[in-house]
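Read the structure below first, then the notes.
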Protein chains: 2
Amino acid sequence: MELIMVFKALSNQTRINILVWLKQPHLHFPADELKDYDPNLGVCVSDIKTKAGLSASTTSDYLSILQKCGLLEATRVGQWTYFKRNEGAIETLNKLIKKAF
Amino acid sequence: MELIMVFKALSNQTRINILVWLKQPHLHFPADELKDYDPNLGVCVSDIKTKAGLSASTTSDYLSILQKCGLLEATRVGQWTYFKRNEGAIETLNKLIKKAF
DNA sequence: CAAATATATCGATATTTACCGAAATTACGA
DNA sequence: TCGTAATTTCGGTAAATATCGATATATTTG
């Protein structure tokens with residue numbers, strides 16, 4: 001995990017929000033608004049797009065940025081891509097930050 | 001402390017380095033290369049500039065960015081400005097990150 | 001297979017950031 | 001008070017990031 005990549009990923013309010021929303025999906029994505037949700041897989045791109053109020057392309061970009069630095073994991077199921085937090089990586093990040101700083 | 005400001009400040013390798021260097025100044029700024037060092041005040045801009053290999057203006061910019069988001073503290077003594085880590089803020093940051101993510 | 005849906009990728013433009021050198025500011029010392 | 005040193009501020013240019021719409025790629029379904 002590249003600390004600087006993580007910090008770049010997190011220097012955008014929407015990307016911070018996505019990480020927070022995905023901590024408790026049921027809280028931030030009301031069930032009746034969710035097109036698709038599987039606790040094991042996470043939330044699909046469209047639902048995050050709607051919540052963030054961004055275009056599909058930007059949303060896809062953001063999720064990809066968060067994934068590439070390790071904070072999110074993606075699972076493709078049919079036409080959907082579900083994203084969820086990589087809790088292990090987030091814990092590692094906390095330790096890294098505590099150690100480095 | 002604005003989390004996003006901190007992340008922006010840290011999305012630059014040199015600024016990350018500065019924070020790490022200032023954790024143990026004696027280790028990263030050999031005594032015989034230090035123009036000025038006071039454990040209570042920190043390290044002066046010129047010494048950080050030399051270590052970072054950047055221009056004076058960029059170094060000043062970077063230090064100011066780190067200071068504005070709360071990670072560093074500055075003390076002006078005569079013609080020198082000494083910078084040191086704000087350990088309290090860094091601890092707060094760790095807690096904030098742990099809580100938010 | 002054709003149409004529809006979800007997502008990803010590809011330019012394109014606007015904004016932000018990275019850095020620099022020059023100039024301004026402040027402090028010191030002869 | 002003049003010259004020198006340390007730092008900051010001020011433009012300026014180059015590179016990176018933000019964000020979009022259009023297009024491309026899968027996948028599902030009629």
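FYI, nothing fancy with the structure tokens labels: chains A, B, ... in order, residues from 1 per chain, ligands from 1 as they appear.
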Identify every residue of chain A that has at least one atom within 12 Å of any atom of chain C, counting only C-alpha atoms (C1' of nucleotides), and report the result as an MDAnalysis selection string.
-> chainID A and resid 35:36 44:47 49 55:64 76:82
Pose of chain B fitted onto chain A, C-alpha LSQ, given as a tab-separated table (two decimals) with N, CA, C and O atoms, in the first residue's frame:
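The file below, result-v3.tsv, is the result:
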```tsv
chain	number	residue	atom	x	y	z
B	1	MET	N	0.90	-1.20	0.04
B	1	MET	CA	0.06	0.01	0.03
B	1	MET	C	0.92	1.26	0.03
B	1	MET	O	1.78	1.45	0.90
B	2	GLU	N	0.70	2.08	-0.97
B	2	GLU	CA	1.48	3.31	-1.12
B	2	GLU	C	0.76	4.43	-0.37
B	2	GLU	O	-0.29	4.89	-0.80
B	3	LEU	N	1.37	4.86	0.71
B	3	LEU	CA	0.75	5.90	1.53
B	3	LEU	C	0.34	7.12	0.71
B	3	LEU	O	-0.77	7.65	0.85
B	4	ILE	N	1.22	7.53	-0.18
B	4	ILE	CA	0.93	8.74	-0.94
B	4	ILE	C	-0.26	8.55	-1.88
B	4	ILE	O	-1.05	9.48	-2.09
B	5	MET	N	-0.41	7.36	-2.42
B	5	MET	CA	-1.56	7.07	-3.28
B	5	MET	C	-2.86	7.15	-2.48
B	5	MET	O	-3.87	7.65	-2.96
B	6	VAL	N	-2.79	6.65	-1.26
B	6	VAL	CA	-3.96	6.71	-0.39
B	6	VAL	C	-4.32	8.16	-0.09
B	6	VAL	O	-5.48	8.56	-0.17
B	7	PHE	N	-3.32	8.95	0.22
B	7	PHE	CA	-3.60	10.35	0.53
B	7	PHE	C	-4.16	11.08	-0.68
B	7	PHE	O	-5.07	11.90	-0.55
B	8	LYS	N	-3.65	10.77	-1.85
B	8	LYS	CA	-4.20	11.41	-3.06
B	8	LYS	C	-5.65	10.99	-3.25
B	8	LYS	O	-6.51	11.80	-3.58
B	9	ALA	N	-5.89	9.72	-3.04
B	9	ALA	CA	-7.26	9.24	-3.19
B	9	ALA	C	-8.20	9.94	-2.22
B	9	ALA	O	-9.35	10.23	-2.54
B	10	LEU	N	-7.68	10.23	-1.03
B	10	LEU	CA	-8.54	10.82	0.00
B	10	LEU	C	-8.56	12.34	-0.01
B	10	LEU	O	-9.22	12.96	0.81
B	11	SER	N	-7.87	12.95	-0.96
B	11	SER	CA	-7.93	14.42	-0.98
B	11	SER	C	-9.04	14.90	-1.91
B	11	SER	O	-8.87	15.81	-2.71
B	12	ASN	N	-10.16	14.31	-1.75
B	12	ASN	CA	-11.37	14.67	-2.51
B	12	ASN	C	-12.56	14.31	-1.62
B	12	ASN	O	-12.68	13.16	-1.17
B	13	GLN	N	-13.41	15.29	-1.38
B	13	GLN	CA	-14.48	15.08	-0.41
B	13	GLN	C	-15.42	13.94	-0.79
B	13	GLN	O	-15.86	13.16	0.07
B	14	THR	N	-15.73	13.84	-2.07
B	14	THR	CA	-16.64	12.77	-2.48
B	14	THR	C	-16.03	11.39	-2.23
B	14	THR	O	-16.71	10.48	-1.76
B	15	ARG	N	-14.74	11.28	-2.49
B	15	ARG	CA	-14.12	9.97	-2.26
B	15	ARG	C	-14.06	9.65	-0.77
B	15	ARG	O	-14.24	8.50	-0.37
B	16	ILE	N	-13.84	10.66	0.05
B	16	ILE	CA	-13.92	10.43	1.49
B	16	ILE	C	-15.32	9.96	1.84
B	16	ILE	O	-15.51	8.98	2.56
B	17	ASN	N	-16.32	10.66	1.31
B	17	ASN	CA	-17.70	10.30	1.60
B	17	ASN	C	-18.00	8.86	1.23
B	17	ASN	O	-18.62	8.12	2.00
B	18	ILE	N	-17.56	8.46	0.05
B	18	ILE	CA	-17.82	7.09	-0.40
B	18	ILE	C	-17.31	6.09	0.62
B	18	ILE	O	-17.99	5.13	0.98
B	19	LEU	N	-16.11	6.34	1.11
B	19	LEU	CA	-15.52	5.42	2.08
B	19	LEU	C	-16.35	5.38	3.37
B	19	LEU	O	-16.53	4.32	3.97
B	20	VAL	N	-16.85	6.54	3.76
B	20	VAL	CA	-17.67	6.61	4.97
B	20	VAL	C	-19.03	5.94	4.73
B	20	VAL	O	-19.50	5.16	5.56
B	21	TRP	N	-19.63	6.22	3.60
B	21	TRP	CA	-20.93	5.61	3.28
B	21	TRP	C	-20.83	4.10	3.30
B	21	TRP	O	-21.73	3.41	3.80
B	22	LEU	N	-19.75	3.59	2.75
B	22	LEU	CA	-19.63	2.13	2.64
B	22	LEU	C	-19.31	1.45	3.97
B	22	LEU	O	-19.33	0.24	4.07
B	23	LYS	N	-19.05	2.26	4.97
B	23	LYS	CA	-18.81	1.67	6.28
B	23	LYS	C	-20.12	1.11	6.84
B	23	LYS	O	-20.13	0.07	7.50
B	24	GLN	N	-21.20	1.84	6.57
B	24	GLN	CA	-22.52	1.39	7.02
B	24	GLN	C	-23.53	1.63	5.90
B	24	GLN	O	-24.32	2.57	5.95
B	25	PRO	N	-23.49	0.77	4.91
B	25	PRO	CA	-24.30	0.98	3.71
B	25	PRO	C	-25.78	1.14	4.03
B	25	PRO	O	-26.44	2.02	3.48
B	26	HIS	N	-26.30	0.31	4.92
B	26	HIS	CA	-27.73	0.35	5.22
B	26	HIS	C	-28.14	1.71	5.77
B	26	HIS	O	-29.30	2.10	5.70
B	27	LEU	N	-27.15	2.42	6.34
B	27	LEU	CA	-27.45	3.72	6.95
B	27	LEU	C	-27.45	4.83	5.89
B	27	LEU	O	-28.20	5.80	5.99
B	28	HIS	N	-26.61	4.67	4.90
B	28	HIS	CA	-26.46	5.74	3.91
B	28	HIS	C	-27.15	5.45	2.59
B	28	HIS	O	-27.33	6.35	1.78
B	29	PHE	N	-27.53	4.22	2.41
B	29	PHE	CA	-28.24	3.86	1.19
B	29	PHE	C	-29.55	3.20	1.61
B	29	PHE	O	-29.61	1.98	1.72
B	30	PRO	N	-30.61	4.01	1.83
B	30	PRO	CA	-31.88	3.44	2.27
B	30	PRO	C	-32.32	2.29	1.36
B	30	PRO	O	-32.21	2.39	0.14
B	31	ALA	N	-32.78	1.25	2.00
B	31	ALA	CA	-33.10	0.01	1.29
B	31	ALA	C	-34.00	0.22	0.09
B	31	ALA	O	-33.80	-0.38	-0.96
B	32	ASP	N	-34.96	1.12	0.23
B	32	ASP	CA	-35.91	1.30	-0.87
B	32	ASP	C	-35.31	2.10	-2.03
B	32	ASP	O	-35.91	2.24	-3.07
B	33	GLU	N	-34.12	2.64	-1.80
B	33	GLU	CA	-33.48	3.37	-2.91
B	33	GLU	C	-32.42	2.51	-3.57
B	33	GLU	O	-31.92	2.85	-4.63
B	34	LEU	N	-32.10	1.45	-2.91
B	34	LEU	CA	-31.03	0.59	-3.43
B	34	LEU	C	-31.55	-0.26	-4.57
B	34	LEU	O	-32.52	-0.98	-4.43
B	35	LYS	N	-30.85	-0.16	-5.67
B	35	LYS	CA	-31.19	-1.06	-6.76
B	35	LYS	C	-30.66	-2.44	-6.44
B	35	LYS	O	-31.29	-3.45	-6.70
B	36	ASP	N	-29.49	-2.42	-5.88
B	36	ASP	CA	-28.83	-3.69	-5.59
B	36	ASP	C	-27.95	-3.54	-4.38
B	36	ASP	O	-27.18	-2.61	-4.28
B	37	TYR	N	-28.10	-4.47	-3.48
B	37	TYR	CA	-27.21	-4.45	-2.33
B	37	TYR	C	-27.07	-5.84	-1.75
B	37	TYR	O	-28.04	-6.54	-1.49
B	38	ASP	N	-25.86	-6.22	-1.59
B	38	ASP	CA	-25.56	-7.51	-1.00
B	38	ASP	C	-24.48	-7.23	0.04
B	38	ASP	O	-23.41	-6.73	-0.29
B	39	PRO	N	-24.79	-7.51	1.30
B	39	PRO	CA	-23.83	-7.19	2.35
B	39	PRO	C	-22.44	-7.78	2.11
B	39	PRO	O	-21.44	-7.20	2.54
B	40	ASN	N	-22.39	-8.89	1.39
B	40	ASN	CA	-21.08	-9.48	1.16
B	40	ASN	C	-20.34	-8.84	0.00
B	40	ASN	O	-19.13	-8.84	-0.05
B	41	LEU	N	-21.13	-8.29	-0.93
B	41	LEU	CA	-20.51	-7.73	-2.13
B	41	LEU	C	-20.35	-6.23	-2.05
B	41	LEU	O	-19.42	-5.68	-2.60
B	42	GLY	N	-21.28	-5.58	-1.35
B	42	GLY	CA	-21.21	-4.13	-1.25
B	42	GLY	C	-22.31	-3.46	-2.03
B	42	GLY	O	-23.40	-4.02	-2.18
B	43	VAL	N	-22.05	-2.28	-2.52
B	43	VAL	CA	-23.05	-1.46	-3.20
B	43	VAL	C	-22.62	-1.29	-4.65
B	43	VAL	O	-21.43	-1.20	-4.94
B	44	CYS	N	-23.60	-1.25	-5.54
B	44	CYS	CA	-23.22	-1.15	-6.96
B	44	CYS	C	-22.99	0.30	-7.38
B	44	CYS	O	-23.42	1.25	-6.71
B	45	VAL	N	-22.31	0.47	-8.48
B	45	VAL	CA	-21.89	1.78	-8.97
B	45	VAL	C	-23.05	2.75	-9.10
B	45	VAL	O	-22.96	3.91	-8.66
B	46	SER	N	-24.15	2.31	-9.67
B	46	SER	CA	-25.30	3.21	-9.89
B	46	SER	C	-25.79	3.82	-8.60
B	46	SER	O	-26.15	5.01	-8.56
B	47	ASP	N	-25.87	3.01	-7.56
B	47	ASP	CA	-26.38	3.52	-6.30
B	47	ASP	C	-25.43	4.56	-5.70
B	47	ASP	O	-25.86	5.56	-5.15
B	48	ILE	N	-24.15	4.30	-5.85
B	48	ILE	CA	-23.16	5.27	-5.36
B	48	ILE	C	-23.23	6.54	-6.20
B	48	ILE	O	-23.19	7.65	-5.68
B	49	LYS	N	-23.37	6.36	-7.49
B	49	LYS	CA	-23.51	7.49	-8.40
B	49	LYS	C	-24.69	8.37	-8.00
B	49	LYS	O	-24.58	9.60	-7.92
B	50	THR	N	-25.83	7.76	-7.73
B	50	THR	CA	-27.02	8.52	-7.33
B	50	THR	C	-26.77	9.29	-6.05
B	50	THR	O	-27.04	10.48	-5.95
B	51	LYS	N	-26.21	8.58	-5.07
B	51	LYS	CA	-25.94	9.20	-3.77
B	51	LYS	C	-24.95	10.36	-3.91
B	51	LYS	O	-25.09	11.39	-3.26
B	52	ALA	N	-23.94	10.19	-4.76
B	52	ALA	CA	-22.91	11.22	-4.88
B	52	ALA	C	-23.35	12.36	-5.79
B	52	ALA	O	-22.79	13.46	-5.74
B	53	GLY	N	-24.34	12.10	-6.62
B	53	GLY	CA	-24.81	13.13	-7.53
B	53	GLY	C	-23.81	13.45	-8.62
B	53	GLY	O	-23.68	14.59	-9.07
B	54	LEU	N	-23.08	12.44	-9.05
B	54	LEU	CA	-22.08	12.63	-10.10
B	54	LEU	C	-22.45	11.82	-11.33
B	54	LEU	O	-23.33	10.97	-11.29
B	55	SER	N	-21.76	12.10	-12.40
B	55	SER	CA	-21.99	11.33	-13.62
B	55	SER	C	-21.47	9.90	-13.44
B	55	SER	O	-20.67	9.63	-12.54
B	56	ALA	N	-21.94	9.03	-14.29
B	56	ALA	CA	-21.49	7.63	-14.21
B	56	ALA	C	-19.98	7.53	-14.42
B	56	ALA	O	-19.30	6.79	-13.70
B	57	SER	N	-19.46	8.30	-15.35
B	57	SER	CA	-18.03	8.18	-15.64
B	57	SER	C	-17.18	8.65	-14.46
B	57	SER	O	-16.21	8.00	-14.11
B	58	THR	N	-17.56	9.76	-13.87
B	58	THR	CA	-16.79	10.25	-12.72
B	58	THR	C	-16.89	9.27	-11.55
B	58	THR	O	-15.89	8.97	-10.89
B	59	THR	N	-18.08	8.75	-11.34
B	59	THR	CA	-18.25	7.79	-10.25
B	59	THR	C	-17.36	6.57	-10.46
B	59	THR	O	-16.66	6.12	-9.54
B	60	SER	N	-17.35	6.09	-11.67
B	60	SER	CA	-16.52	4.93	-12.00
B	60	SER	C	-15.05	5.26	-11.77
B	60	SER	O	-14.31	4.46	-11.20
B	61	ASP	N	-14.65	6.45	-12.21
B	61	ASP	CA	-13.28	6.92	-11.98
B	61	ASP	C	-12.93	6.88	-10.50
B	61	ASP	O	-11.91	6.32	-10.10
B	62	TYR	N	-13.77	7.51	-9.71
B	62	TYR	CA	-13.50	7.62	-8.28
B	62	TYR	C	-13.37	6.25	-7.63
B	62	TYR	O	-12.47	5.99	-6.84
B	63	LEU	N	-14.30	5.37	-7.97
B	63	LEU	CA	-14.26	4.04	-7.38
B	63	LEU	C	-12.99	3.31	-7.78
B	63	LEU	O	-12.37	2.61	-6.97
B	64	SER	N	-12.59	3.53	-9.00
B	64	SER	CA	-11.38	2.89	-9.49
B	64	SER	C	-10.14	3.43	-8.76
B	64	SER	O	-9.22	2.68	-8.43
B	65	ILE	N	-10.15	4.73	-8.49
B	65	ILE	CA	-9.03	5.33	-7.74
B	65	ILE	C	-8.95	4.73	-6.34
B	65	ILE	O	-7.88	4.36	-5.86
B	66	LEU	N	-10.12	4.60	-5.71
B	66	LEU	CA	-10.15	4.04	-4.35
B	66	LEU	C	-9.76	2.57	-4.35
B	66	LEU	O	-9.18	2.06	-3.39
B	67	GLN	N	-10.09	1.92	-5.43
B	67	GLN	CA	-9.74	0.50	-5.52
B	67	GLN	C	-8.24	0.32	-5.76
B	67	GLN	O	-7.60	-0.52	-5.13
B	68	LYS	N	-7.70	1.14	-6.67
B	68	LYS	CA	-6.29	0.99	-7.02
B	68	LYS	C	-5.36	1.22	-5.84
B	68	LYS	O	-4.29	0.62	-5.77
B	69	CYS	N	-5.76	2.08	-4.92
B	69	CYS	CA	-4.88	2.32	-3.78
B	69	CYS	C	-5.20	1.33	-2.66
B	69	CYS	O	-4.60	1.38	-1.59
B	70	GLY	N	-6.15	0.44	-2.90
B	70	GLY	CA	-6.38	-0.67	-1.97
B	70	GLY	C	-7.50	-0.49	-0.97
B	70	GLY	O	-7.82	-1.42	-0.23
B	71	LEU	N	-8.13	0.69	-0.97
B	71	LEU	CA	-9.15	0.94	0.06
B	71	LEU	C	-10.47	0.24	-0.23
B	71	LEU	O	-11.23	-0.05	0.67
B	72	LEU	N	-10.75	-0.02	-1.50
B	72	LEU	CA	-11.99	-0.71	-1.86
B	72	LEU	C	-11.70	-1.98	-2.64
B	72	LEU	O	-10.65	-2.11	-3.26
B	73	GLU	N	-12.67	-2.88	-2.58
B	73	GLU	CA	-12.59	-4.10	-3.37
B	73	GLU	C	-13.80	-4.13	-4.31
B	73	GLU	O	-14.88	-3.70	-3.92
B	74	ALA	N	-13.61	-4.64	-5.49
B	74	ALA	CA	-14.70	-4.70	-6.46
B	74	ALA	C	-15.03	-6.14	-6.79
B	74	ALA	O	-14.14	-6.99	-6.85
B	75	THR	N	-16.32	-6.39	-6.97
B	75	THR	CA	-16.75	-7.71	-7.42
B	75	THR	C	-17.73	-7.52	-8.56
B	75	THR	O	-18.74	-6.84	-8.40
B	76	ARG	N	-17.41	-8.08	-9.66
B	76	ARG	CA	-18.32	-7.97	-10.81
B	76	ARG	C	-19.27	-9.15	-10.78
B	76	ARG	O	-18.84	-10.31	-10.69
B	77	VAL	N	-20.55	-8.87	-10.85
B	77	VAL	CA	-21.56	-9.93	-10.92
B	77	VAL	C	-22.50	-9.54	-12.05
B	77	VAL	O	-23.25	-8.57	-11.92
B	78	GLY	N	-22.41	-10.26	-13.11
B	78	GLY	CA	-23.23	-9.92	-14.26
B	78	GLY	C	-22.92	-8.52	-14.73
B	78	GLY	O	-21.75	-8.15	-14.86
B	79	GLN	N	-23.94	-7.70	-14.88
B	79	GLN	CA	-23.69	-6.35	-15.38
B	79	GLN	C	-23.35	-5.35	-14.28
B	79	GLN	O	-23.07	-4.21	-14.55
B	80	TRP	N	-23.37	-5.82	-13.05
B	80	TRP	CA	-23.08	-4.92	-11.95
B	80	TRP	C	-21.67	-5.08	-11.40
B	80	TRP	O	-21.11	-6.17	-11.39
B	81	THR	N	-21.14	-3.99	-10.93
B	81	THR	CA	-19.90	-4.06	-10.17
B	81	THR	C	-20.20	-3.56	-8.78
B	81	THR	O	-20.69	-2.45	-8.60
B	82	TYR	N	-19.97	-4.39	-7.81
B	82	TYR	CA	-20.22	-4.04	-6.42
B	82	TYR	C	-18.91	-3.62	-5.78
B	82	TYR	O	-17.87	-4.24	-6.01
B	83	PHE	N	-19.01	-2.58	-4.98
B	83	PHE	CA	-17.82	-2.12	-4.26
B	83	PHE	C	-18.06	-2.19	-2.76
B	83	PHE	O	-19.13	-1.83	-2.28
B	84	LYS	N	-17.04	-2.65	-2.06
B	84	LYS	CA	-17.10	-2.63	-0.60
B	84	LYS	C	-15.72	-2.25	-0.07
B	84	LYS	O	-14.74	-2.26	-0.81
B	85	ARG	N	-15.67	-1.86	1.17
B	85	ARG	CA	-14.42	-1.49	1.79
B	85	ARG	C	-13.51	-2.71	1.96
B	85	ARG	O	-13.98	-3.80	2.21
B	86	ASN	N	-12.23	-2.46	1.86
B	86	ASN	CA	-11.25	-3.49	2.18
B	86	ASN	C	-10.81	-3.19	3.61
B	86	ASN	O	-9.87	-2.44	3.84
B	87	GLU	N	-11.53	-3.79	4.55
B	87	GLU	CA	-11.29	-3.46	5.96
B	87	GLU	C	-9.87	-3.77	6.40
B	87	GLU	O	-9.28	-3.05	7.20
B	88	GLY	N	-9.32	-4.83	5.84
B	88	GLY	CA	-7.94	-5.18	6.19
B	88	GLY	C	-6.99	-4.07	5.79
B	88	GLY	O	-6.14	-3.65	6.57
B	89	ALA	N	-7.17	-3.57	4.58
B	89	ALA	CA	-6.30	-2.50	4.09
B	89	ALA	C	-6.46	-1.24	4.92
B	89	ALA	O	-5.49	-0.54	5.19
B	90	ILE	N	-7.68	-0.98	5.32
B	90	ILE	CA	-7.93	0.23	6.11
B	90	ILE	C	-7.27	0.14	7.47
B	90	ILE	O	-6.72	1.11	7.99
B	91	GLU	N	-7.27	-1.07	8.01
B	91	GLU	CA	-6.60	-1.27	9.29
B	91	GLU	C	-5.08	-1.12	9.11
B	91	GLU	O	-4.42	-0.46	9.92
B	92	THR	N	-4.58	-1.69	8.05
B	92	THR	CA	-3.16	-1.54	7.74
B	92	THR	C	-2.80	-0.07	7.60
B	92	THR	O	-1.76	0.39	8.10
B	93	LEU	N	-3.67	0.67	6.93
B	93	LEU	CA	-3.44	2.10	6.75
B	93	LEU	C	-3.32	2.81	8.09
B	93	LEU	O	-2.39	3.59	8.32
B	94	ASN	N	-4.23	2.51	8.99
B	94	ASN	CA	-4.19	3.11	10.31
B	94	ASN	C	-2.86	2.84	11.01
B	94	ASN	O	-2.26	3.74	11.59
B	95	LYS	N	-2.41	1.60	10.89
B	95	LYS	CA	-1.15	1.25	11.53
B	95	LYS	C	0.01	1.98	10.87
B	95	LYS	O	0.92	2.47	11.54
B	96	LEU	N	-0.03	2.02	9.55
B	96	LEU	CA	1.03	2.69	8.79
B	96	LEU	C	1.13	4.16	9.19
B	96	LEU	O	2.22	4.68	9.43
B	97	ILE	N	-0.01	4.80	9.26
B	97	ILE	CA	-0.03	6.22	9.61
B	97	ILE	C	0.51	6.41	11.02
B	97	ILE	O	1.33	7.28	11.29
B	98	LYS	N	0.05	5.56	11.91
B	98	LYS	CA	0.50	5.66	13.30
B	98	LYS	C	2.01	5.47	13.39
B	98	LYS	O	2.70	6.15	14.14
B	99	LYS	N	2.52	4.56	12.58
B	99	LYS	CA	3.95	4.27	12.61
B	99	LYS	C	4.76	5.39	11.95
B	99	LYS	O	5.78	5.84	12.48
B	100	ALA	N	4.30	5.84	10.80
B	100	ALA	CA	5.06	6.83	10.04
B	100	ALA	C	5.03	8.20	10.68
B	100	ALA	O	6.04	8.92	10.67
B	101	PHE	N	3.89	8.56	11.24
B	101	PHE	CA	3.76	9.91	11.79
B	101	PHE	C	3.71	9.91	13.32
B	101	PHE	O	4.05	8.97	13.95
```
Please report as a tab-separated table every residue of chain D lying within 9 Å of chain B, along with the nearest atom pair and their distance in Å (one decimal), using only C-alpha atoms (C1' of nucleotides).
```
residue	atom	partner	partner_atom	distance
D:DA5	C1'	B:Gln79	CA	8.1
D:DA6	C1'	B:Gln79	CA	5.5
D:DT7	C1'	B:Trp80	CA	7.3
D:DT8	C1'	B:Ser60	CA	7.2
D:DT9	C1'	B:Ser57	CA	8.7
```
Could those residues be written to a file, using all heavy atoms, as a short mmCIF file (atom, residue, chain, number, x, y, z; two decimals), in the first residue's frame?
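Full text of again23.cif as output:
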```cif
data_model
loop_
_atom_site.label_atom_id
_atom_site.label_comp_id
_atom_site.auth_asym_id
_atom_site.auth_seq_id
_atom_site.Cartn_x
_atom_site.Cartn_y
_atom_site.Cartn_z
P DA D 5 25.53 36.67 2.66
OP1 DA D 5 26.71 35.76 2.82
OP2 DA D 5 24.93 36.89 1.33
"O5'" DA D 5 24.39 36.15 3.64
"C5'" DA D 5 24.60 36.19 5.05
"C4'" DA D 5 23.31 35.77 5.73
"O4'" DA D 5 22.37 36.87 5.67
"C3'" DA D 5 22.64 34.59 5.04
"O3'" DA D 5 22.17 33.69 6.04
"C2'" DA D 5 21.50 35.21 4.25
"C1'" DA D 5 21.15 36.42 5.11
N9 DA D 5 20.58 37.54 4.36
C8 DA D 5 20.98 38.03 3.14
N7 DA D 5 20.27 39.06 2.72
C5 DA D 5 19.34 39.25 3.73
C6 DA D 5 18.29 40.18 3.90
N6 DA D 5 18.00 41.13 3.02
N1 DA D 5 17.55 40.09 5.02
C2 DA D 5 17.85 39.15 5.92
N3 DA D 5 18.80 38.22 5.88
C4 DA D 5 19.52 38.33 4.74
P DA D 6 21.37 32.40 5.65
OP1 DA D 6 21.80 31.34 6.59
OP2 DA D 6 21.43 32.19 4.19
"O5'" DA D 6 19.87 32.81 6.03
"C5'" DA D 6 19.57 33.09 7.38
"C4'" DA D 6 18.06 33.20 7.53
"O4'" DA D 6 17.62 34.40 6.86
"C3'" DA D 6 17.29 32.05 6.88
"O3'" DA D 6 16.28 31.62 7.79
"C2'" DA D 6 16.73 32.64 5.59
"C1'" DA D 6 16.59 34.11 5.94
N9 DA D 6 16.75 35.03 4.81
C8 DA D 6 17.69 34.98 3.82
N7 DA D 6 17.60 35.96 2.95
C5 DA D 6 16.53 36.71 3.41
C6 DA D 6 15.92 37.89 2.93
N6 DA D 6 16.32 38.54 1.84
N1 DA D 6 14.87 38.37 3.63
C2 DA D 6 14.47 37.72 4.73
N3 DA D 6 14.96 36.61 5.28
C4 DA D 6 16.00 36.15 4.56
P DT D 7 15.33 30.42 7.43
OP1 DT D 7 14.86 29.84 8.71
OP2 DT D 7 15.95 29.56 6.41
"O5'" DT D 7 14.11 31.20 6.80
"C5'" DT D 7 13.50 32.21 7.59
"C4'" DT D 7 12.45 32.95 6.81
"O4'" DT D 7 13.05 33.75 5.79
"C3'" DT D 7 11.43 32.06 6.09
"O3'" DT D 7 10.18 32.23 6.75
"C2'" DT D 7 11.42 32.57 4.66
"C1'" DT D 7 12.10 33.92 4.77
N1 DT D 7 12.83 34.38 3.58
C2 DT D 7 12.43 35.54 2.98
O2 DT D 7 11.51 36.23 3.40
N3 DT D 7 13.16 35.90 1.87
C4 DT D 7 14.23 35.21 1.32
O4 DT D 7 14.80 35.65 0.32
C5 DT D 7 14.59 33.99 1.99
C7 DT D 7 15.73 33.16 1.47
C6 DT D 7 13.89 33.63 3.07
P DT D 8 8.87 31.55 6.18
OP1 DT D 8 7.95 31.37 7.32
OP2 DT D 8 9.24 30.40 5.33
"O5'" DT D 8 8.27 32.70 5.25
"C5'" DT D 8 8.08 34.00 5.80
"C4'" DT D 8 7.51 34.92 4.74
"O4'" DT D 8 8.50 35.17 3.72
"C3'" DT D 8 6.27 34.37 4.03
"O3'" DT D 8 5.27 35.36 4.09
"C2'" DT D 8 6.75 34.09 2.61
"C1'" DT D 8 7.87 35.10 2.45
N1 DT D 8 8.97 34.78 1.50
C2 DT D 8 9.28 35.69 0.51
O2 DT D 8 8.68 36.73 0.35
N3 DT D 8 10.33 35.33 -0.28
C4 DT D 8 11.09 34.17 -0.19
O4 DT D 8 12.03 33.98 -0.97
C5 DT D 8 10.71 33.26 0.85
C7 DT D 8 11.45 31.99 1.04
C6 DT D 8 9.66 33.60 1.64
P DT D 9 3.81 35.09 3.54
OP1 DT D 9 2.86 35.79 4.44
OP2 DT D 9 3.65 33.65 3.26
"O5'" DT D 9 3.84 35.88 2.14
"C5'" DT D 9 4.30 37.21 2.12
"C4'" DT D 9 4.36 37.70 0.69
"O4'" DT D 9 5.54 37.17 0.03
"C3'" DT D 9 3.16 37.30 -0.17
"O3'" DT D 9 2.76 38.45 -0.89
"C2'" DT D 9 3.72 36.21 -1.08
"C1'" DT D 9 5.15 36.69 -1.25
N1 DT D 9 6.17 35.68 -1.61
C2 DT D 9 7.06 35.99 -2.61
O2 DT D 9 7.03 37.04 -3.23
N3 DT D 9 7.99 35.03 -2.87
C4 DT D 9 8.14 33.80 -2.24
O4 DT D 9 9.03 33.03 -2.56
C5 DT D 9 7.17 33.54 -1.21
C7 DT D 9 7.23 32.25 -0.46
C6 DT D 9 6.24 34.48 -0.95
#
```
Could you write out, as an NGL selection string, all the residues of chain B that DSSP marks as helix (DSSP H, G or I)?
-> :B and (3-9 or 13-21 or 25-28 or 31-33 or 45-52 or 56-68 or 87-100)
Enumerate the residues of chain A with a DSSP assignment of strand (DSSP E), computed from the backbone, and present them as a PyMOL selection string.
-> chain A and resi 37-38+42-44+72-77+80-85
